[in-house]
>>> print(open('coords14.cif').read())   # mmCIF, C-alpha atoms and all ligand atoms
data_my_file
loop_
_atom_site.label_atom_id
_atom_site.label_comp_id
_atom_site.auth_asym_id
_atom_site.auth_seq_id
_atom_site.Cartn_x
_atom_site.Cartn_y
_atom_site.Cartn_z
CA MET V 1 46.94 113.52 71.19
CA SER V 2 48.88 116.63 70.16
CA LEU V 3 48.79 119.88 72.15
CA ALA V 4 46.59 121.56 69.60
CA GLY V 5 44.21 118.64 69.76
CA LYS V 6 44.01 118.78 73.57
CA ILE V 7 43.23 122.50 73.53
CA ALA V 8 40.67 122.02 70.81
CA ALA V 9 39.00 119.25 72.81
CA SER V 10 38.97 121.42 75.95
CA ALA V 11 37.49 124.34 74.08
CA THR V 12 34.94 122.00 72.59
CA SER V 13 33.78 120.67 75.94
CA THR V 14 33.68 124.13 77.52
CA THR V 15 31.71 125.61 74.67
CA ARG V 16 29.26 122.79 74.78
CA PHE V 17 28.27 123.53 78.37
CA THR V 18 28.12 127.27 77.94
CA THR V 19 26.42 127.69 74.56
CA GLY V 20 24.45 124.52 74.02
CA LEU V 21 25.64 124.08 70.38
CA SER V 22 25.76 120.65 68.87
CA ARG V 23 28.93 118.56 69.10
CA ALA V 24 29.49 118.70 65.35
CA ALA V 25 29.09 122.46 65.16
CA VAL V 26 31.41 123.03 68.05
CA ARG V 27 34.04 120.69 66.64
CA ALA V 28 33.91 122.52 63.31
CA ASN V 29 34.20 125.94 64.90
CA SER V 30 37.01 124.83 67.16
CA ALA V 31 39.01 123.35 64.34
CA ALA V 32 38.57 126.48 62.27
CA ALA V 33 39.06 129.15 64.94
CA VAL V 34 41.30 127.74 67.64
CA ALA V 35 43.78 125.61 65.78
CA PRO V 36 45.41 128.45 63.74
CA THR V 37 45.81 130.55 66.83
CA VAL V 38 47.39 127.72 68.71
CA LYS V 39 49.79 127.09 65.90
CA ALA V 40 50.80 130.71 65.79
CA GLU V 41 51.34 130.93 69.54
CA LYS V 42 53.13 127.63 69.63
CA SER V 43 55.59 128.85 67.08
CA THR V 44 56.30 131.93 69.22
CA TYR V 45 56.46 130.39 72.70
CA ARG V 46 57.90 127.00 73.43
CA ALA V 47 56.57 126.75 76.92
CA SER V 48 54.62 124.41 79.13
CA PRO V 49 50.86 124.01 78.62
CA SER V 50 50.09 125.95 81.77
CA LEU V 51 52.15 128.91 80.59
CA PHE V 52 50.47 128.63 77.26
CA LYS V 53 47.03 128.91 78.88
CA GLN V 54 48.21 131.83 80.96
CA GLN V 55 49.42 133.61 77.85
CA ARG V 56 46.07 133.11 76.25
CA PHE V 57 44.18 134.72 79.15
CA MET V 58 46.58 137.69 79.34
CA SER V 59 46.60 138.33 75.67
CA GLY V 60 43.71 140.74 75.96
CA PHE V 61 45.56 143.05 78.38
CA ALA V 62 49.12 143.37 77.15
CA ALA V 63 50.70 143.13 73.82
CA GLY V 64 53.97 141.79 75.23
CA PRO V 65 56.96 142.64 77.39
CA GLY V 66 58.19 146.21 77.09
CA SER V 67 55.05 147.47 75.44
CA GLU V 68 53.77 149.45 78.48
CA LYS V 69 53.75 153.22 78.14
CA ILE V 70 54.31 155.22 81.32
CA PRO V 71 52.61 158.63 81.21
CA SER V 72 54.62 161.70 81.94
CA PHE V 73 53.74 163.79 85.04
CA ALA V 74 56.15 166.55 84.27
CA ASP V 75 53.34 169.08 83.92
CA TYR V 76 52.20 168.36 87.45
CA THR V 77 55.54 168.71 89.18
CA LYS V 78 57.33 171.87 90.29
CA GLU V 79 60.97 172.44 90.22
CA ARG V 80 62.27 173.32 93.71
CA SER V 81 65.55 174.87 94.50
CA ALA V 82 67.63 173.76 97.49
CA ASP V 83 66.95 177.10 99.20
CA SER V 84 63.19 176.75 98.99
CA SER V 85 63.35 173.22 100.41
CA ARG V 86 65.54 174.39 103.27
CA ALA V 87 63.21 177.31 104.01
CA PHE V 88 60.24 174.96 104.07
CA THR V 89 62.07 172.64 106.48
CA TYR V 90 62.96 175.52 108.78
CA PHE V 91 59.39 176.76 108.69
CA MET V 92 58.03 173.35 109.68
CA LEU V 93 60.57 173.00 112.48
CA GLY V 94 59.74 176.46 113.79
CA ALA V 95 56.01 175.83 113.67
CA SER V 96 56.39 172.50 115.46
CA GLY V 97 58.55 174.13 118.13
CA ALA V 98 56.00 176.89 118.69
CA VAL V 99 53.19 174.37 119.08
CA LEU V 100 55.20 172.26 121.52
CA THR V 101 56.22 175.31 123.53
CA SER V 102 52.61 176.47 123.80
CA ALA V 103 51.48 173.01 124.90
CA ALA V 104 54.22 172.81 127.52
CA GLN V 105 53.36 176.26 128.84
CA SER V 106 49.69 175.34 129.10
CA SER V 107 50.52 172.11 130.95
CA VAL V 108 52.82 173.83 133.44
CA HIS V 109 50.28 176.60 134.04
CA GLY V 110 47.53 174.06 134.69
CA PHE V 111 49.78 172.09 137.02
CA LEU V 112 50.73 175.17 139.03
CA THR V 113 47.11 176.30 139.18
CA ASN V 114 46.10 172.96 140.64
CA MET V 115 48.97 173.02 143.11
CA ALA V 116 48.16 176.52 144.40
CA ALA V 117 46.13 176.74 147.56
CA SER V 118 42.48 177.51 146.94
CA ALA V 119 40.60 180.30 148.69
CA ASP V 120 38.98 177.96 151.22
CA VAL V 121 42.36 176.43 152.10
CA LEU V 122 43.86 179.89 152.58
CA ALA V 123 40.93 180.81 154.82
CA MET V 124 41.58 177.71 156.93
CA ALA V 125 45.22 178.73 157.24
CA LYS V 126 44.11 181.47 159.65
CA THR V 127 42.22 180.90 162.86
CA GLU V 128 40.48 183.63 164.80
CA VAL V 129 40.10 183.48 168.55
CA ASP V 130 37.94 185.61 170.86
CA LEU V 131 40.30 186.45 173.70
CA SER V 132 37.52 187.77 175.91
CA SER V 133 36.33 184.19 176.35
CA ILE V 134 39.60 183.06 177.97
CA PRO V 135 39.76 183.83 181.70
CA VAL V 136 43.01 184.86 183.38
CA GLY V 137 45.05 181.84 184.38
CA LYS V 138 43.41 179.55 181.80
CA THR V 139 44.76 177.95 178.70
CA VAL V 140 42.77 177.00 175.61
CA THR V 141 43.85 174.73 172.80
CA ILE V 142 42.83 175.57 169.24
CA LYS V 143 43.49 173.74 166.00
CA TRP V 144 45.56 175.60 163.44
CA ARG V 145 46.68 173.99 160.18
CA GLY V 146 46.08 170.60 161.73
CA LYS V 147 48.24 171.33 164.74
CA PRO V 148 47.31 172.19 168.35
CA VAL V 149 48.07 175.72 169.49
CA PHE V 150 48.08 176.66 173.17
CA ILE V 151 46.83 180.15 174.09
CA LYS V 152 47.59 180.91 177.71
CA HIS V 153 46.12 183.88 179.53
CA ARG V 154 48.87 184.35 182.05
CA THR V 155 48.55 185.80 185.49
CA GLN V 156 50.85 188.52 186.69
CA GLU V 157 52.53 185.99 188.95
CA GLU V 158 53.28 183.74 185.96
CA ILE V 159 54.63 186.68 183.98
CA ASP V 160 56.95 187.60 186.81
CA ASP V 161 58.07 184.02 187.18
CA ALA V 162 58.88 183.77 183.46
CA ASN V 163 60.95 186.95 183.60
CA SER V 164 62.90 185.91 186.68
CA VAL V 165 64.65 183.00 185.00
CA ASN V 166 68.35 183.18 184.23
CA ILE V 167 68.17 182.47 180.54
CA GLN V 168 71.78 181.33 180.40
CA SER V 169 70.77 178.27 182.39
CA LEU V 170 68.18 177.22 179.82
CA PRO V 171 68.77 174.48 177.21
CA ASP V 172 67.40 176.87 174.58
CA PRO V 173 68.22 180.36 175.95
CA GLN V 174 65.44 182.84 175.19
CA ASP V 175 63.97 185.61 177.32
CA ASP V 176 60.25 185.77 177.88
CA ALA V 177 59.81 189.19 176.28
CA SER V 178 61.03 187.85 172.92
CA ARG V 179 58.37 185.12 172.98
CA VAL V 180 55.27 187.23 173.51
CA GLN V 181 53.61 190.26 171.94
CA MET V 182 51.62 191.06 175.08
CA PRO V 183 52.90 189.71 178.41
CA GLU V 184 49.53 188.28 179.41
CA TRP V 185 49.12 186.26 176.25
CA LEU V 186 51.43 183.36 175.47
CA VAL V 187 50.82 181.54 172.18
CA VAL V 188 52.81 178.38 171.34
CA VAL V 189 52.44 175.42 168.98
CA GLY V 190 51.49 172.56 171.27
CA ILE V 191 53.97 170.02 169.96
CA CYS V 192 56.90 168.71 171.97
CA THR V 193 60.16 169.51 170.24
CA HIS V 194 61.57 166.11 171.13
CA LEU V 195 59.54 163.67 169.03
CA GLY V 196 56.27 165.50 168.47
CA CYS V 197 53.96 164.47 171.29
CA VAL V 198 51.33 166.91 172.57
CA PRO V 199 52.32 168.04 176.06
CA THR V 200 49.86 168.23 178.94
CA THR V 201 48.80 171.73 180.02
CA ASP V 202 49.34 173.06 183.55
CA ALA V 203 51.64 170.18 184.41
CA GLY V 204 55.31 169.51 185.04
CA ASP V 205 57.85 170.92 187.47
CA TYR V 206 57.64 174.50 186.13
CA GLY V 207 53.87 175.04 185.97
CA GLY V 208 53.70 175.12 182.19
CA TRP V 209 53.49 171.88 180.20
CA TYR V 210 54.70 168.34 180.65
CA CYS V 211 55.31 165.85 177.88
CA PRO V 212 54.69 162.36 179.23
CA CYS V 213 56.25 160.61 176.26
CA HIS V 214 59.84 160.98 177.53
CA GLY V 215 59.50 163.44 180.38
CA SER V 216 60.11 166.94 179.06
CA HIS V 217 59.12 169.91 181.24
CA TYR V 218 58.22 173.33 179.81
CA ASP V 219 57.70 176.52 181.83
CA VAL V 220 54.95 179.16 181.55
CA SER V 221 56.82 180.71 178.64
CA GLY V 222 56.87 177.41 176.72
CA ARG V 223 60.62 177.05 177.19
CA ILE V 224 62.18 173.66 177.72
CA ARG V 225 63.51 173.43 181.27
CA LYS V 226 64.13 169.73 181.80
CA GLY V 227 64.01 166.52 179.75
CA PRO V 228 65.17 165.35 176.31
CA ALA V 229 63.41 168.04 174.23
CA PRO V 230 66.12 170.24 172.69
CA LEU V 231 64.15 173.40 171.89
CA ASN V 232 61.46 175.66 173.26
CA MET V 233 57.97 175.22 171.87
CA GLU V 234 57.47 177.08 168.62
CA ILE V 235 55.78 180.48 168.48
CA PRO V 236 53.35 180.73 165.52
CA ASP V 237 52.52 183.91 163.61
CA TYR V 238 49.63 185.73 165.19
CA GLN V 239 48.13 189.20 165.53
CA ILE V 240 46.13 190.73 168.37
CA GLU V 241 43.55 193.43 167.67
CA GLY V 242 41.51 194.27 170.76
CA ASP V 243 39.88 191.06 171.89
CA LYS V 244 40.50 189.28 168.60
CA MET V 245 43.54 187.14 167.98
CA THR V 246 44.25 185.81 164.48
CA VAL V 247 46.63 182.90 164.34
CA GLY V 248 48.32 182.38 161.00
S1 LIG K 1 58.19 163.61 172.66
FE1 LIG K 1 58.05 164.88 174.34
S2 LIG K 1 59.62 164.21 175.60
FE2 LIG K 1 59.80 162.93 173.89
#
>>> encode(input="coords14.cif", output="structure tokens")
Amino acid sequence: MSLAGKIAASATSTTRFTTGLSRAAVRANSAAAVAPTVKAEKSTYRASPSLFKQQRFMSGFAAGPGSEKIPSFADYTKERSADSSRAFTYFMLGASGAVLTSAAQSSVHGFLTNMAASADVLAMAKTEVDLSSIPVGKTVTIKWRGKPVFIKHRTQEEIDDANSVNIQSLPDPQDDASRVQMPEWLVVVGICTHLGCVPTTDAGDYGGWYCPCHGSHYDVSGRIRKGPAPLNMEIPDYQIEGDKMTVG
């Protein structure tokens, strides 16, 4: 069977299922309508049957290669000079930089705000002590910034003893007057300067403190007199107003 005959037969069978026409009517219509078209297309394209079918389906959308018309968008476009493009680029870069700078500033400010000590922390940084509650000759231990602080109400005998020491013989030479604001009140951070133990009060060979960790002896001025500790006990910041002492 020729190609035209095959196509006519296919069209005949398809039409029969879709329209319900009689076989004779379909055959007559197919022979009259399809065959000339097939002949015309066959003379134009010498291609495979599949390509031929494809051409037939596409024939309603395109007239042929090179027939498409691309519309012009010239009315919708603007002509830009090189200067205007450069100015726009600079503007965008500047705007982006300003936004980034503002964001960075905000982040740093928030970070520093969180890192700053709050009011309650600052309040805890100072500790108030009622000195009238500490008898002469007694020592109290308070907690200041997480550390022990010894407050010793010295007797006159202890004051005299502290001032009688030849400071040149001390491991950490320091006279007693430079370690106190009022002779009767000695205030020291209660941490051994060797490795950080808390010394025992009213103990040791010099009547002050003794650190049992490695055997350091401190006198009634908190100065190291014997043992491995290299320095005197630290004096914290404090103020005395009447009977009130504020440490910190
Ligand atoms: S820590 Fe006090 S003597 Fe070593």
>>> closest_atom_pairs(input="coords14.cif", of="chain V", to="ligand LIG 1 (chain K)", cutoff="9 Å", atoms="only C-alpha atoms and all ligand atoms", output="tab-separated table")
residue	atom	partner	partner_atom	distance
V:Ile191	CA	K:LIG1	FE1	7.9
V:Cys192	CA	K:LIG1	FE1	4.6
V:Thr193	CA	K:LIG1	FE1	6.5
V:His194	CA	K:LIG1	S1	4.5
V:Leu195	CA	K:LIG1	S1	3.9
V:Gly196	CA	K:LIG1	S1	5.0
V:Cys197	CA	K:LIG1	S1	4.5
V:Val198	CA	K:LIG1	FE1	7.2
V:Pro199	CA	K:LIG1	FE1	6.8
V:Tyr210	CA	K:LIG1	FE1	7.9
V:Cys211	CA	K:LIG1	FE1	4.6
V:Pro212	CA	K:LIG1	S2	6.4
V:Cys213	CA	K:LIG1	FE2	4.9
V:His214	CA	K:LIG1	S2	3.8
V:Gly215	CA	K:LIG1	S2	4.8
V:Ser216	CA	K:LIG1	S2	4.4
V:His217	CA	K:LIG1	S2	8.0
V:Gly227	CA	K:LIG1	S2	6.5
V:Pro228	CA	K:LIG1	S2	5.7
V:Ala229	CA	K:LIG1	S2	5.6
>>> atom_distance(input="coords14.cif", atom1="CA of Ile142 in chain V", atom2="CA of Ser221 in chain V")
17.6 Å
>>> closest_residue(input="coords14.cif", among="V:Val220, V:Ala95, V:Ala125, V:Ile235", to="Arg179 in chain V", atoms="only C-alpha atoms")
V:Ile235
>>> residues_around(input="coords14.cif", residues="range 152-162 of chain V", least_positions_apart="5", cutoff="6 Å", atoms="all atoms listed in the file", output="PyMOL selection string")
chain V and resi 136-139+184-186
>>> axis_aligned_box(input="coords14.cif", around="range 219-232 of chain V", padding_each_side="5 Å", output="JSON")
{"center_x": 60.5, "center_y": 173.0, "center_z": 176.9, "size_x": 21.2, "size_y": 25.4, "size_z": 19.9}
>>> atom_distance(input="coords14.cif", atom1="CA of Pro171 in chain V", atom2="CA of Thr141 in chain V")
25.3 Å
>>> residues_near_point(input="coords14.cif", point="(55.2, 178.7, 171.2)", cutoff="9 Å", atoms="only C-alpha atoms", output="list in words")
Val149, Phe150, Ile151, Arg179, Val180, Leu186, Val187, Val188, Val189, Gly190, Ile191, Ser221, Gly222, Arg223, Asn232, Met233, Glu234, Ile235 and Pro236 of chain V
>>> atom_distance(input="coords14.cif", atom1="CA of Lys126 in chain V", atom2="CA of Asp175 in chain V")
26.9 Å
>>> residues_around(input="coords14.cif", residues="Val247 in chain V", least_positions_apart="3", cutoff="7 Å", atoms="all atoms listed in the file", output="compact mmCIF listing (two decimals) with C-alpha atoms, keeping the file's coordinate frame")
# COMPACT_ATOMS: atom_id res chain seq x y z
CA LYS V 126 44.11 181.47 159.65
CA THR V 127 42.22 180.90 162.86
CA GLU V 128 40.48 183.63 164.80
CA ASP V 237 52.52 183.91 163.61
CA TYR V 238 49.63 185.73 165.19
CA GLN V 239 48.13 189.20 165.53
>>> closest_residue(input="coords14.cif", among="V:Thr246, V:Arg225, V:Asp176, V:Asp202", to="Val140 in chain V", atoms="all atoms listed in the file")
V:Asp202
>>> closest_residue(input="coords14.cif", among="V:Thr200, V:Trp209, V:Asp130, V:Ser85", to="Glu241 in chain V", atoms="all atoms listed in the file")
V:Asp130
>>> closest_residue(input="coords14.cif", among="V:Gly248, V:Gly204, V:Gly97, V:Pro230", to="Arg145 in chain V", atoms="only C-alpha atoms")
V:Gly248
